[in-house]
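Text of structure30.tsv, listed as TSV, C-alpha atoms:
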chain	number	residue	atom	x	y	z
A	1	MET	CA	110.45	-81.24	-143.66
A	2	ILE	CA	107.95	-78.77	-142.24
A	3	GLU	CA	109.53	-75.82	-140.49
A	4	LYS	CA	108.62	-75.28	-136.82
A	5	GLY	CA	106.47	-72.18	-137.36
A	6	LYS	CA	104.36	-73.85	-140.01
A	7	LYS	CA	104.01	-76.99	-137.91
A	8	MET	CA	102.50	-74.89	-135.11
A	9	MET	CA	100.27	-73.10	-137.57
A	10	LEU	CA	99.10	-76.45	-138.92
A	11	GLU	CA	98.12	-77.52	-135.40
A	12	ASP	CA	96.25	-74.21	-134.90
A	13	LEU	CA	94.52	-74.74	-138.20
A	14	LYS	CA	93.42	-78.25	-137.24
A	15	LYS	CA	91.83	-76.86	-134.09
A	16	ILE	CA	90.04	-74.19	-136.10
A	17	ILE	CA	88.72	-76.78	-138.55
A	18	TYR	CA	87.56	-78.99	-135.69
A	19	ASP	CA	85.76	-76.05	-134.07
A	20	ILE	CA	83.92	-75.40	-137.31
A	21	ASN	CA	83.04	-79.02	-138.00
A	22	SER	CA	83.72	-81.58	-135.29
A	23	ASP	CA	82.73	-84.41	-137.66
A	24	ILE	CA	86.00	-83.97	-139.54
A	25	ASP	CA	88.78	-86.40	-138.63
A	26	ILE	CA	91.56	-83.84	-138.21
A	27	SER	CA	94.25	-86.54	-137.88
A	28	CYS	CA	93.97	-86.92	-141.69
A	29	ILE	CA	94.75	-83.25	-142.28
A	30	ASN	CA	98.26	-82.39	-143.43
A	31	MET	CA	100.08	-79.86	-145.59
A	32	ASP	CA	98.85	-81.50	-148.81
A	33	THR	CA	95.20	-81.46	-147.76
A	34	ASN	CA	92.84	-79.45	-149.92
A	35	LEU	CA	90.41	-77.71	-147.59
A	36	LEU	CA	87.61	-77.99	-150.12
A	37	ASP	CA	87.68	-81.76	-149.68
A	38	TYR	CA	86.53	-81.18	-146.11
A	39	LEU	CA	84.70	-77.85	-146.03
A	40	ASP	CA	82.07	-76.10	-148.08
A	41	SER	CA	82.50	-72.45	-149.06
A	42	LEU	CA	80.95	-71.18	-145.82
A	43	GLY	CA	83.24	-73.44	-143.75
A	44	PHE	CA	86.20	-72.27	-145.82
A	45	ILE	CA	85.40	-68.61	-145.14
A	46	GLN	CA	84.91	-69.36	-141.45
A	47	VAL	CA	88.46	-70.80	-141.40
A	48	ILE	CA	89.80	-67.67	-143.10
A	49	VAL	CA	88.05	-65.35	-140.66
A	50	LYS	CA	89.24	-67.33	-137.63
A	51	ILE	CA	92.83	-67.28	-138.93
A	52	GLU	CA	92.52	-63.51	-139.36
A	53	ASP	CA	91.33	-63.15	-135.76
A	54	GLN	CA	93.95	-65.50	-134.33
A	55	TYR	CA	96.96	-64.00	-136.12
A	56	CYS	CA	95.65	-60.42	-136.30
A	57	ILE	CA	96.06	-60.32	-140.05
A	58	GLU	CA	93.75	-59.62	-142.97
A	59	PHE	CA	93.53	-61.53	-146.23
A	60	SER	CA	93.16	-59.27	-149.25
A	61	ASP	CA	90.35	-59.90	-151.73
A	62	GLU	CA	92.97	-61.15	-154.19
A	63	ASP	CA	93.97	-63.89	-151.75
A	64	LEU	CA	90.45	-65.30	-151.59
A	65	ASP	CA	90.96	-67.73	-154.41
A	66	TYR	CA	90.69	-71.49	-154.02
A	67	GLU	CA	93.57	-71.90	-156.44
A	68	ARG	CA	95.71	-69.69	-154.25
A	69	ILE	CA	94.80	-70.86	-150.75
A	70	GLY	CA	92.73	-74.03	-151.15
A	71	LYS	CA	95.65	-76.30	-150.26
A	72	ILE	CA	96.85	-76.03	-146.64
A	73	SER	CA	100.52	-75.53	-147.52
A	74	ASP	CA	99.55	-72.67	-149.87
A	75	LEU	CA	97.25	-71.17	-147.26
A	76	LEU	CA	99.97	-71.20	-144.60
A	77	ASN	CA	102.44	-69.66	-147.07
A	78	VAL	CA	100.02	-66.79	-147.64
A	79	VAL	CA	99.46	-66.40	-143.86
A	80	GLN	CA	103.23	-66.21	-143.36
A	81	LYS	CA	103.60	-63.73	-146.21
A	82	ILE	CA	100.90	-61.44	-144.80
A	83	ASN	CA	102.43	-61.76	-141.32
A	84	ASN	CA	105.87	-60.80	-142.63
A	85	GLU	CA	104.50	-57.88	-144.62
A	86	GLU	CA	102.59	-56.56	-141.62
A	87	GLU	CA	105.62	-56.95	-139.33
A	88	ASN	CA	107.82	-55.12	-141.86
A	89	SER	CA	105.34	-52.30	-142.22
A	90	TYR	CA	105.12	-52.05	-138.42
A	91	GLU	CA	108.92	-51.85	-138.10
A	92	GLY	CA	108.98	-49.32	-140.92
A	93	ASN	CA	106.51	-47.15	-139.10
A	94	GLY	CA	108.35	-47.49	-135.79
B	1	MET	CA	47.61	-99.65	-128.30
B	2	LYS	CA	49.94	-98.78	-131.11
B	3	GLY	CA	48.69	-99.68	-134.60
B	4	THR	CA	50.73	-101.17	-137.40
B	5	VAL	CA	53.39	-98.76	-138.58
B	6	LYS	CA	53.01	-98.06	-142.29
B	7	SER	CA	56.02	-97.02	-144.25
B	8	TYR	CA	56.84	-96.27	-147.84
B	9	VAL	CA	59.91	-94.85	-149.53
B	10	GLN	CA	60.09	-94.28	-153.26
B	11	ASN	CA	62.97	-95.30	-155.42
B	12	ILE	CA	64.87	-92.19	-156.40
B	13	GLU	CA	68.36	-91.27	-157.56
B	14	PRO	CA	69.42	-87.78	-156.45
B	15	PHE	CA	70.66	-85.75	-159.42
B	16	ASN	CA	73.85	-84.05	-158.29
B	17	ASP	CA	75.76	-83.33	-161.50
B	18	TYR	CA	75.09	-79.65	-160.99
B	19	TYR	CA	72.55	-77.37	-159.30
B	20	CYS	CA	69.88	-75.87	-161.53
B	21	SER	CA	67.01	-75.32	-159.11
B	22	CYS	CA	65.42	-77.36	-156.34
B	23	TYR	CA	62.49	-78.20	-158.64
B	24	VAL	CA	64.59	-79.12	-161.70
B	25	ASN	CA	67.05	-81.22	-159.70
B	26	ALA	CA	64.14	-83.05	-158.08
B	27	LEU	CA	62.42	-83.72	-161.43
B	28	LEU	CA	65.68	-85.08	-162.84
B	29	SER	CA	66.15	-87.26	-159.75
B	30	ILE	CA	62.90	-89.01	-160.70
B	31	ILE	CA	63.18	-89.04	-164.52
B	32	LEU	CA	66.67	-90.54	-164.63
B	33	LYS	CA	65.43	-93.62	-162.81
B	34	TYR	CA	63.11	-94.26	-165.74
B	35	GLU	CA	64.97	-92.79	-168.74
B	36	PRO	CA	68.71	-92.14	-168.28
B	37	SER	CA	69.00	-90.31	-171.64
B	38	TYR	CA	67.48	-87.25	-169.93
B	39	ARG	CA	70.82	-86.60	-168.27
B	40	CYS	CA	71.75	-84.86	-171.56
B	41	ALA	CA	68.56	-82.77	-171.42
B	42	ALA	CA	69.82	-81.43	-168.09
B	43	TYR	CA	72.94	-80.05	-169.78
B	44	ILE	CA	71.22	-78.19	-172.64
B	45	ASN	CA	72.30	-74.54	-172.84
B	46	ASP	CA	68.76	-73.17	-172.86
B	47	TYR	CA	69.56	-70.41	-170.39
B	48	PHE	CA	70.15	-66.71	-170.38
B	49	PRO	CA	72.60	-64.65	-168.37
B	50	HIS	CA	70.88	-61.62	-166.96
B	51	PHE	CA	71.98	-58.46	-165.28
B	52	ALA	CA	68.96	-56.87	-163.73
B	53	GLU	CA	66.89	-56.80	-160.63
B	54	TYR	CA	66.29	-60.32	-159.34
B	55	GLU	CA	64.36	-61.09	-156.18
B	56	LYS	CA	65.07	-57.55	-154.92
B	57	LEU	CA	68.81	-57.88	-155.64
B	58	TYR	CA	70.70	-56.28	-158.48
B	59	PHE	CA	73.33	-58.72	-159.58
B	60	PRO	CA	74.21	-60.90	-162.58
B	61	TYR	CA	72.39	-64.22	-162.57
B	62	CYS	CA	71.29	-66.87	-165.00
B	63	GLU	CA	67.98	-68.54	-165.53
B	64	VAL	CA	66.76	-71.42	-167.69
B	65	ARG	CA	63.96	-70.83	-170.17
B	66	LYS	CA	60.43	-72.24	-169.96
B	67	LYS	CA	61.18	-74.75	-172.74
B	68	PHE	CA	63.83	-76.32	-170.53
B	69	TYR	CA	61.23	-76.92	-167.79
B	70	ASP	CA	58.68	-78.15	-170.36
B	71	THR	CA	61.05	-80.86	-171.62
B	72	LEU	CA	61.29	-82.28	-168.11
B	73	GLU	CA	57.66	-81.74	-167.07
B	74	ASP	CA	56.46	-83.48	-170.25
B	75	CYS	CA	57.70	-86.75	-168.73
B	76	PHE	CA	54.89	-86.52	-166.16
B	77	GLU	CA	51.17	-86.11	-165.81
B	78	ILE	CA	51.11	-83.23	-163.35
B	79	GLU	CA	48.16	-82.26	-161.22
B	80	GLU	CA	48.14	-79.19	-158.99
B	81	LYS	CA	46.02	-79.73	-155.89
B	82	ARG	CA	44.64	-78.04	-152.79
B	83	TYR	CA	44.36	-79.80	-149.45
B	84	SER	CA	40.73	-80.60	-148.75
B	85	LYS	CA	41.39	-79.76	-145.09
B	86	MET	CA	44.66	-78.31	-143.89
B	87	CYS	CA	44.57	-80.51	-140.80
B	88	ASN	CA	44.66	-83.60	-143.05
B	89	CYS	CA	47.52	-82.40	-145.23
B	90	LEU	CA	49.95	-85.16	-144.23
B	91	ASP	CA	47.40	-87.91	-144.87
B	92	GLU	CA	46.69	-86.54	-148.34
B	93	LEU	CA	50.37	-86.45	-149.23
B	94	LYS	CA	50.92	-89.96	-147.87
B	95	ASN	CA	47.99	-91.36	-149.86
B	96	ASN	CA	49.52	-90.07	-153.08
B	97	ILE	CA	52.97	-91.36	-152.18
B	98	SER	CA	51.54	-94.81	-151.41
B	99	GLU	CA	50.06	-94.84	-154.91
B	100	ASN	CA	53.59	-94.46	-156.28
B	101	GLN	CA	53.12	-90.84	-157.27
B	102	TYR	CA	55.68	-88.14	-156.67
B	103	VAL	CA	54.57	-85.26	-154.53
B	104	PHE	CA	55.97	-81.75	-154.39
B	105	ALA	CA	54.62	-80.08	-151.27
B	106	LEU	CA	54.89	-76.31	-151.01
B	107	VAL	CA	56.51	-75.36	-147.73
B	108	ASP	CA	57.67	-72.17	-146.07
B	109	LEU	CA	61.47	-72.27	-146.06
B	110	PHE	CA	61.52	-70.31	-142.85
B	111	TYR	CA	60.37	-73.46	-141.05
B	112	TRP	CA	61.89	-76.02	-143.42
B	113	ASP	CA	65.51	-74.91	-143.90
B	114	ARG	CA	67.31	-76.10	-140.79
B	115	SER	CA	70.53	-74.23	-141.59
B	116	ARG	CA	68.73	-70.86	-141.50
B	117	ASN	CA	71.57	-69.64	-143.68
B	118	PHE	CA	69.87	-69.05	-146.96
B	119	LYS	CA	66.27	-68.27	-147.49
B	120	GLY	CA	65.61	-69.65	-144.04
B	121	ASN	CA	65.66	-66.11	-142.78
B	122	ALA	CA	62.64	-65.18	-144.85
B	123	HIS	CA	59.20	-66.59	-145.52
B	124	ILE	CA	59.59	-68.01	-149.02
B	125	VAL	CA	57.75	-70.80	-150.81
B	126	HIS	CA	59.78	-73.88	-151.67
B	127	PRO	CA	58.62	-77.05	-153.47
B	128	THR	CA	60.00	-80.01	-151.55
B	129	LEU	CA	59.83	-83.48	-153.06
B	130	ILE	CA	58.42	-85.82	-150.42
B	131	VAL	CA	59.60	-89.30	-151.26
B	132	GLY	CA	58.47	-91.37	-148.32
B	133	TYR	CA	57.18	-91.67	-144.81
B	134	GLN	CA	57.06	-93.83	-141.77
B	135	ASP	CA	53.61	-93.32	-140.37
B	136	GLY	CA	53.35	-91.24	-137.26
B	137	GLU	CA	57.05	-90.56	-137.11
B	138	LYS	CA	59.14	-89.67	-140.10
B	139	ILE	CA	58.92	-88.01	-143.47
B	140	TYR	CA	61.61	-88.35	-146.12
B	141	ALA	CA	62.31	-85.49	-148.51
B	142	LEU	CA	64.89	-84.79	-151.20
B	143	GLU	CA	66.83	-81.75	-150.05
B	144	ASP	CA	70.25	-80.20	-150.55
B	145	ASN	CA	72.78	-77.89	-149.00
B	146	LEU	CA	73.75	-75.03	-151.28
B	147	PHE	CA	76.95	-74.24	-149.49
B	148	SER	CA	78.41	-77.59	-150.46
B	149	GLY	CA	77.68	-76.91	-154.08
B	150	VAL	CA	75.07	-79.55	-154.67
B	151	LYS	CA	74.36	-82.51	-152.46
B	152	PHE	CA	70.79	-83.60	-152.80
B	153	THR	CA	70.14	-86.46	-150.44
B	154	ILE	CA	67.10	-88.04	-148.91
B	155	GLN	CA	66.72	-86.35	-145.57
B	156	GLU	CA	64.63	-87.28	-142.61
B	157	TYR	CA	62.16	-84.87	-141.02
B	158	SER	CA	59.56	-85.33	-138.33
B	159	GLU	CA	55.91	-85.19	-139.34
B	160	GLN	CA	55.58	-82.19	-137.08
B	161	GLU	CA	58.31	-80.31	-138.98
B	162	LEU	CA	56.58	-80.89	-142.31
B	163	LYS	CA	53.17	-79.95	-140.98
B	164	GLN	CA	54.51	-76.73	-139.49
B	165	ALA	CA	56.23	-75.79	-142.78
B	166	ILE	CA	53.05	-76.52	-144.77
B	167	VAL	CA	50.54	-74.88	-142.47
B	168	ASN	CA	52.60	-71.75	-141.90
B	169	ARG	CA	53.07	-71.25	-145.65
B	170	THR	CA	49.54	-69.92	-145.76
B	171	LYS	CA	50.37	-67.36	-143.08
B	172	ASP	CA	53.17	-64.80	-142.80
B	173	ASN	CA	52.28	-63.09	-146.11
B	174	VAL	CA	53.75	-65.86	-148.27
B	175	PRO	CA	52.35	-65.44	-151.81
B	176	ASP	CA	49.78	-68.06	-152.84
B	177	GLU	CA	50.96	-70.13	-155.81
B	178	GLY	CA	47.41	-71.20	-156.63
B	179	PHE	CA	47.94	-74.74	-155.34
B	180	ASP	CA	49.23	-76.50	-152.21
B	181	TYR	CA	50.95	-79.49	-153.72
B	182	LYS	CA	51.75	-81.06	-157.06
B	183	VAL	CA	51.21	-84.71	-157.80
B	184	CYS	CA	53.50	-85.96	-160.57
B	185	LYS	CA	52.82	-89.30	-162.21
B	186	ILE	CA	55.57	-90.51	-164.49
B	187	ARG	CA	54.32	-91.29	-168.02
B	188	ASN	CA	54.66	-94.84	-169.32
B	189	ASN	CA	56.04	-93.91	-172.70
B	190	ILE	CA	58.81	-91.38	-172.12
B	191	LYS	CA	60.73	-90.89	-175.35
B	192	ILE	CA	64.50	-91.33	-175.39
B	193	TYR	CA	66.09	-87.88	-175.24
B	194	LYS	CA	68.39	-87.03	-178.12
B	195	ILE	CA	70.59	-83.95	-178.37
B	196	LYS	CA	69.59	-81.60	-181.20
B	197	ILE	CA	72.74	-79.79	-182.24
B	198	GLU	CA	70.83	-77.05	-184.12
B	199	GLU	CA	69.06	-76.19	-180.89
B	200	ILE	CA	72.36	-75.92	-179.00
B	201	ILE	CA	73.85	-73.68	-181.70
B	202	ALA	CA	70.74	-71.46	-181.67
B	203	ASN	CA	70.94	-71.21	-177.87
B	204	ALA	CA	74.65	-70.34	-178.08
B	205	LYS	CA	73.86	-67.53	-180.53
B	206	LYS	CA	71.15	-66.21	-178.22
B	207	ILE	CA	73.64	-66.11	-175.32
B	208	ILE	CA	76.17	-64.29	-177.51
B	209	ASN	CA	73.50	-61.74	-178.44
B	210	ILE	CA	72.57	-61.19	-174.81
B	211	LEU	CA	76.19	-60.74	-173.79
B	212	THR	CA	76.67	-58.22	-176.59
B	213	ASP	CA	74.23	-55.98	-174.74
B	214	LYS	CA	76.38	-53.18	-173.43
B	215	ARG	CA	74.62	-53.28	-170.06
B	216	PHE	CA	76.62	-56.39	-169.26
B	217	PHE	CA	79.78	-54.37	-169.19
B	218	GLU	CA	78.49	-51.22	-167.55
B	219	PHE	CA	79.06	-51.91	-163.93
B	220	ASN	CA	78.34	-48.42	-162.75
B	221	VAL	CA	74.80	-49.71	-162.17
B	222	LEU	CA	76.15	-52.49	-160.01
B	223	ASP	CA	78.30	-49.98	-158.16
B	224	GLU	CA	75.25	-47.94	-157.24
B	225	LYS	CA	72.94	-50.82	-156.40
B	226	LEU	CA	75.33	-53.19	-154.63
B	227	SER	CA	76.56	-50.52	-152.28
B	228	LEU	CA	72.97	-49.79	-151.33
B	229	CYS	CA	72.00	-53.40	-150.72
B	230	ASN	CA	72.36	-55.26	-147.52
B	231	LEU	CA	74.52	-58.22	-148.39
B	232	ASN	CA	72.77	-61.49	-147.70
B	233	PHE	CA	73.03	-65.17	-148.48
B	234	GLU	CA	70.82	-64.86	-151.53
B	235	TYR	CA	73.90	-63.48	-153.31
B	236	ILE	CA	75.62	-66.77	-152.57
B	237	ARG	CA	72.77	-68.73	-154.14
B	238	ILE	CA	73.05	-66.57	-157.27
B	239	HIS	CA	76.78	-67.31	-157.47
B	240	THR	CA	76.24	-71.03	-156.95
B	241	ARG	CA	73.68	-71.05	-159.73
B	242	TYR	CA	76.00	-69.21	-162.10
B	243	SER	CA	79.00	-71.43	-161.48
B	244	HIS	CA	76.83	-74.54	-161.69
B	245	ARG	CA	75.45	-73.43	-165.04
B	246	ASN	CA	79.02	-73.57	-166.23
B	247	ILE	CA	79.46	-77.02	-164.72
B	248	ALA	CA	76.47	-78.03	-166.88
B	249	ASN	CA	78.20	-76.45	-169.88
B	250	LYS	CA	81.27	-78.58	-169.18
B	251	TYR	CA	79.11	-81.72	-169.22
B	252	LEU	CA	77.52	-80.50	-172.46
B	253	PHE	CA	80.88	-79.94	-174.18
B	254	ARG	CA	82.08	-83.34	-172.98
B	255	GLN	CA	78.94	-84.97	-174.40
B	256	LEU	CA	79.26	-83.12	-177.72
B	257	GLY	CA	82.84	-84.36	-177.95
B	258	LYS	CA	81.70	-87.93	-177.23
B	259	GLU	CA	79.01	-87.72	-179.91
B	260	LEU	CA	81.60	-86.23	-182.31
B	261	TYR	CA	79.77	-82.97	-182.91
B	262	ILE	CA	83.02	-81.27	-181.94
B	263	SER	CA	86.57	-82.60	-181.87
B	264	LYS	CA	88.06	-84.00	-178.67
B	265	GLN	CA	90.54	-81.13	-178.67
B	266	ASN	CA	87.81	-78.49	-178.93
B	267	SER	CA	85.71	-80.27	-176.33
B	268	GLU	CA	88.63	-80.13	-173.89
B	269	LYS	CA	89.37	-76.50	-174.71
B	270	LEU	CA	85.74	-75.49	-174.11
B	271	GLN	CA	85.71	-77.40	-170.81
B	272	ALA	CA	88.88	-75.61	-169.72
B	273	MET	CA	87.33	-72.25	-170.65
B	274	SER	CA	84.27	-73.15	-168.56
B	275	ASP	CA	86.57	-74.00	-165.66
B	276	GLU	CA	87.99	-70.48	-165.84
B	277	ILE	CA	84.47	-69.06	-165.49
B	278	ILE	CA	83.70	-71.34	-162.53
B	279	GLN	CA	86.91	-70.25	-160.82
B	280	ALA	CA	86.10	-66.57	-161.38
B	281	VAL	CA	82.55	-66.95	-160.04
B	282	ASP	CA	83.88	-68.79	-156.95
B	283	PHE	CA	86.33	-65.95	-156.43
B	284	SER	CA	83.51	-63.38	-156.37
B	285	LYS	CA	81.47	-65.71	-154.14
B	286	LEU	CA	84.23	-65.98	-151.53
B	287	ILE	CA	84.74	-62.21	-151.41
B	288	ILE	CA	81.02	-61.62	-150.85
B	289	LEU	CA	80.71	-64.53	-148.41
B	290	LYS	CA	83.53	-63.13	-146.29
B	291	ALA	CA	81.91	-59.69	-146.31
B	292	ILE	CA	78.59	-61.21	-145.21
B	293	TYR	CA	80.25	-63.27	-142.52
B	294	LYS	CA	82.27	-60.34	-141.16
B	295	LYS	CA	79.37	-57.91	-141.66
B	296	ASN	CA	81.63	-55.76	-143.84
B	297	THR	CA	81.06	-54.01	-147.12
B	298	VAL	CA	82.55	-55.33	-150.34
B	299	ASN	CA	84.94	-53.58	-152.64
B	300	VAL	CA	82.51	-53.10	-155.52
B	301	LYS	CA	85.32	-52.30	-157.96
B	302	THR	CA	86.85	-55.74	-157.39
B	303	ILE	CA	83.48	-57.46	-157.86
B	304	SER	CA	82.80	-55.42	-161.02
B	305	ARG	CA	86.20	-56.36	-162.44
B	306	ILE	CA	85.61	-60.06	-161.76
B	307	TRP	CA	82.16	-60.05	-163.38
B	308	ARG	CA	83.31	-58.08	-166.40
B	309	ASN	CA	85.89	-60.83	-166.87
B	310	ILE	CA	83.23	-63.55	-166.37
B	311	PHE	CA	81.01	-62.09	-169.11
B	312	GLU	CA	83.97	-61.72	-171.46
B	313	LEU	CA	84.94	-65.35	-170.82
B	314	GLU	CA	81.39	-66.57	-171.34
B	315	TYR	CA	81.13	-64.64	-174.58
B	316	SER	CA	84.40	-66.25	-175.74
B	317	VAL	CA	83.18	-69.75	-174.85
B	318	TRP	CA	80.05	-69.54	-177.00
B	319	GLU	CA	81.79	-67.66	-179.79
B	320	TYR	CA	84.46	-70.37	-179.92
B	321	PHE	CA	81.80	-73.08	-179.81
B	322	VAL	CA	79.91	-71.60	-182.77
B	323	LEU	CA	83.15	-71.22	-184.70
B	324	CYS	CA	84.33	-74.75	-184.06
B	325	ILE	CA	81.00	-76.34	-184.92
B	326	ASN	CA	80.88	-74.59	-188.30
I need this file expressed as structure tokens, please.
Amino acid sequence: MIEKGKKMMLEDLKKIIYDINSDIDISCINMDTNLLDYLDSLGFIQVIVKIEDQYCIEFSDEDLDYERIGKISDLLNVVQKINNEEENSYEGNG
Amino acid sequence: MKGTVKSYVQNIEPFNDYYCSCYVNALLSIILKYEPSYRCAAYINDYFPHFAEYEKLYFPYCEVRKKFYDTLEDCFEIEEKRYSKMCNCLDELKNNISENQYVFALVDLFYWDRSRNFKGNAHIVHPTLIVGYQDGEKIYALEDNLFSGVKFTIQEYSEQELKQAIVNRTKDNVPDEGFDYKVCKIRNNIKIYKIKIEEIIANAKKIINILTDKRFFEFNVLDEKLSLCNLNFEYIRIHTRYSHRNIANKYLFRQLGKELYISKQNSEKLQAMSDEIIQAVDFSKLIILKAIYKKNTVNVKTISRIWRNIFELEYSVWEYFVLCIN
């Protein structure tokens, strides 16, 4: 079962994908979807940049690997991990 | 009163196994309709990795040798032509197409590339294969989208679009290639293409020699040059070309396994090694693409590390190939 936070993130992601390419049938997109089946490399990077803007996070260069974030579930895991790390560092600084 | 609408579209099969160049992919899209054995010619490792200045950029890239082009061009009688009058350019192209000849028209990408993402920002000559027309309305050309890897399809343009891209090529300081269009007539007696294993081994040894050149591992030059360059989409084209060369290598190793020049096990191992290179090139491509998109700089150390690894992997691939074939 998908946890609530990830379910919301998946819905956000679908909107982002639709904004980038409205020809994509986003009802087919789920956690197992590989983004490369729907987007070219430019589209993929546009998704990454929009996620960064929306969640105020930044992917490291090391994260920019299709193997690591090509699949939606993997991508959302990385987003959550970055989010947690940034929250922890914020609390640490506070 | 409207006259009879003439139309003609040639039979063509877009070659999308990998991206070599617009011209090579277009030639293969024609040849394979007549002689399918040339699919193997497309995979031949007659290329050289290079690390030098290339179209004003300083970045690793790879290029096929003249012999590779010759093998494909030898399937045609090729005539380079000038338009008798620029205002009649479309009629001249259509006449040749109606006579079942293939026509590469030189166009200015600035007007031709609708995405404006790649070379569309600059005035650069591009040979587009015109494969058909519907008189007074449409022109059909074989074109691709580099961002999607390779997806050559027959695309529809208006006559006006083509005319603008042809006529403006002669303006805006675009270099003159010495001709306006190429008419390619397929030869009747194309020989069946057969792989020559000695040639592939010799090419492998040449690549090993090139990659032994210490410049390939001295990225301080890249550090200096890349940080000075304005990042642009041409870097993405270079990456696509490099990763696609390795897709071609995968096809080659698969074919050599099929024809029993190498064992199935070695064929699979070499394909897996090529996959590693493709993955590494894509990694570098995404980092640079993000920097371009966000108008940021790149971490040159990361890019250098990735490319050092790519060259080491490529060296290992060809070294292993030579070992396993002996």
Give me the residues near range 263-267 of chain B as a PyMOL selection string, where near means some atom within 9 Å (using only C-alpha atoms) and where sequence neighbours in that chain fewer than 5 positions away do not count. chain B and resi 250+253-258+272+320-321+324-325
Could you list, as a PyMOL selection string, every residue of chain B that has an atom within 12 Å of an atom of chain A, counting all atoms listed in the file? chain B and resi 115+117-118+145-151+233+236-237+239-240+275-276+278-303+305-306
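Minimum atom-to-atom distances from B:Asn309, B:Asn232, B:Asn45, B:Gln155 to Ile195 in chain B were compared using all atoms listed in the file, and the lowest value belongs to B:Asn45.
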Test item: residues at most 7 Å from range 177-189 of chain B, only C-alpha atoms, excluding those fewer than 6 positions along its chain, as a PDB file with C-alpha atoms, in the frame of the given file:
ATOM      1  CA  CYS B  75      57.700 -86.750-168.730  1.00  0.00           C
ATOM      2  CA  PHE B  76      54.890 -86.520-166.160  1.00  0.00           C
ATOM      3  CA  GLU B  77      51.170 -86.110-165.810  1.00  0.00           C
ATOM      4  CA  ILE B  78      51.110 -83.230-163.350  1.00  0.00           C
ATOM      5  CA  GLU B  79      48.160 -82.260-161.220  1.00  0.00           C
ATOM      6  CA  GLU B  80      48.140 -79.190-158.990  1.00  0.00           C
ATOM      7  CA  LYS B  81      46.020 -79.730-155.890  1.00  0.00           C
ATOM      8  CA  ARG B  82      44.640 -78.040-152.790  1.00  0.00           C
ATOM      9  CA  TYR B  83      44.360 -79.800-149.450  1.00  0.00           C
ATOM     10  CA  GLN B 101      53.120 -90.840-157.270  1.00  0.00           C
ATOM     11  CA  TYR B 102      55.680 -88.140-156.670  1.00  0.00           C
ATOM     12  CA  VAL B 103      54.570 -85.260-154.530  1.00  0.00           C
ATOM     13  CA  PHE B 104      55.970 -81.750-154.390  1.00  0.00           C
ATOM     14  CA  ALA B 105      54.620 -80.080-151.270  1.00  0.00           C
ATOM     15  CA  LEU B 106      54.890 -76.310-151.010  1.00  0.00           C
TER      16      LEU B 106
END
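Counting only C-alpha atoms, the residue from A:Asn84, A:Phe59, A:Ile72, A:Gly5 that sits nearest to Ile17 in chain A is A:Ile72.
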Do you have the CA of Tyr43 in chain B-CA of Ala248 in chain B distance handy?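 A separation of 5.0 Å between them.
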Show me, as a PyMOL selection string, the residues that have an atom within 8 Å of range 8-16 of chain B when counting only C-alpha atoms, minus same-chain residues fewer than 3 positions from it. chain B and resi 19+25-26+28-30+32-33+97-98+100+131-134+140+142+150-154
Could you jot down the CA of His126 in chain B to CA of Val64 in chain B separation for me, Å, one decimal place?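 Value for the CA of His126 in chain B-CA of Val64 in chain B distance: 17.6 Å.
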Distance CA of Met31 in chain A-CA of Asn88 in chain A, one decimal place? 26.2 Å
Using only C-alpha atoms, which of B:Lys214, B:Lys269, B:Lys206, B:Lys171 sits nearest Arg65 in chain B? B:Lys206
Counting all atoms listed in the file, figure out which residue out of A:Leu10, A:Val79, A:Val47, A:Arg68 gets nearest to Cys28 in chain A. A:Leu10
Box along x, y and z, 3 Å on every side, all listed atoms of range 49-55 of chain A inside: centre and edge lengths in Å to one decimal, as lines of an AutoDock Vina configuration file.
center_x = 92.5
center_y = -65.2
center_z = -137.5
size_x = 14.9
size_y = 10.2
size_z = 12.3
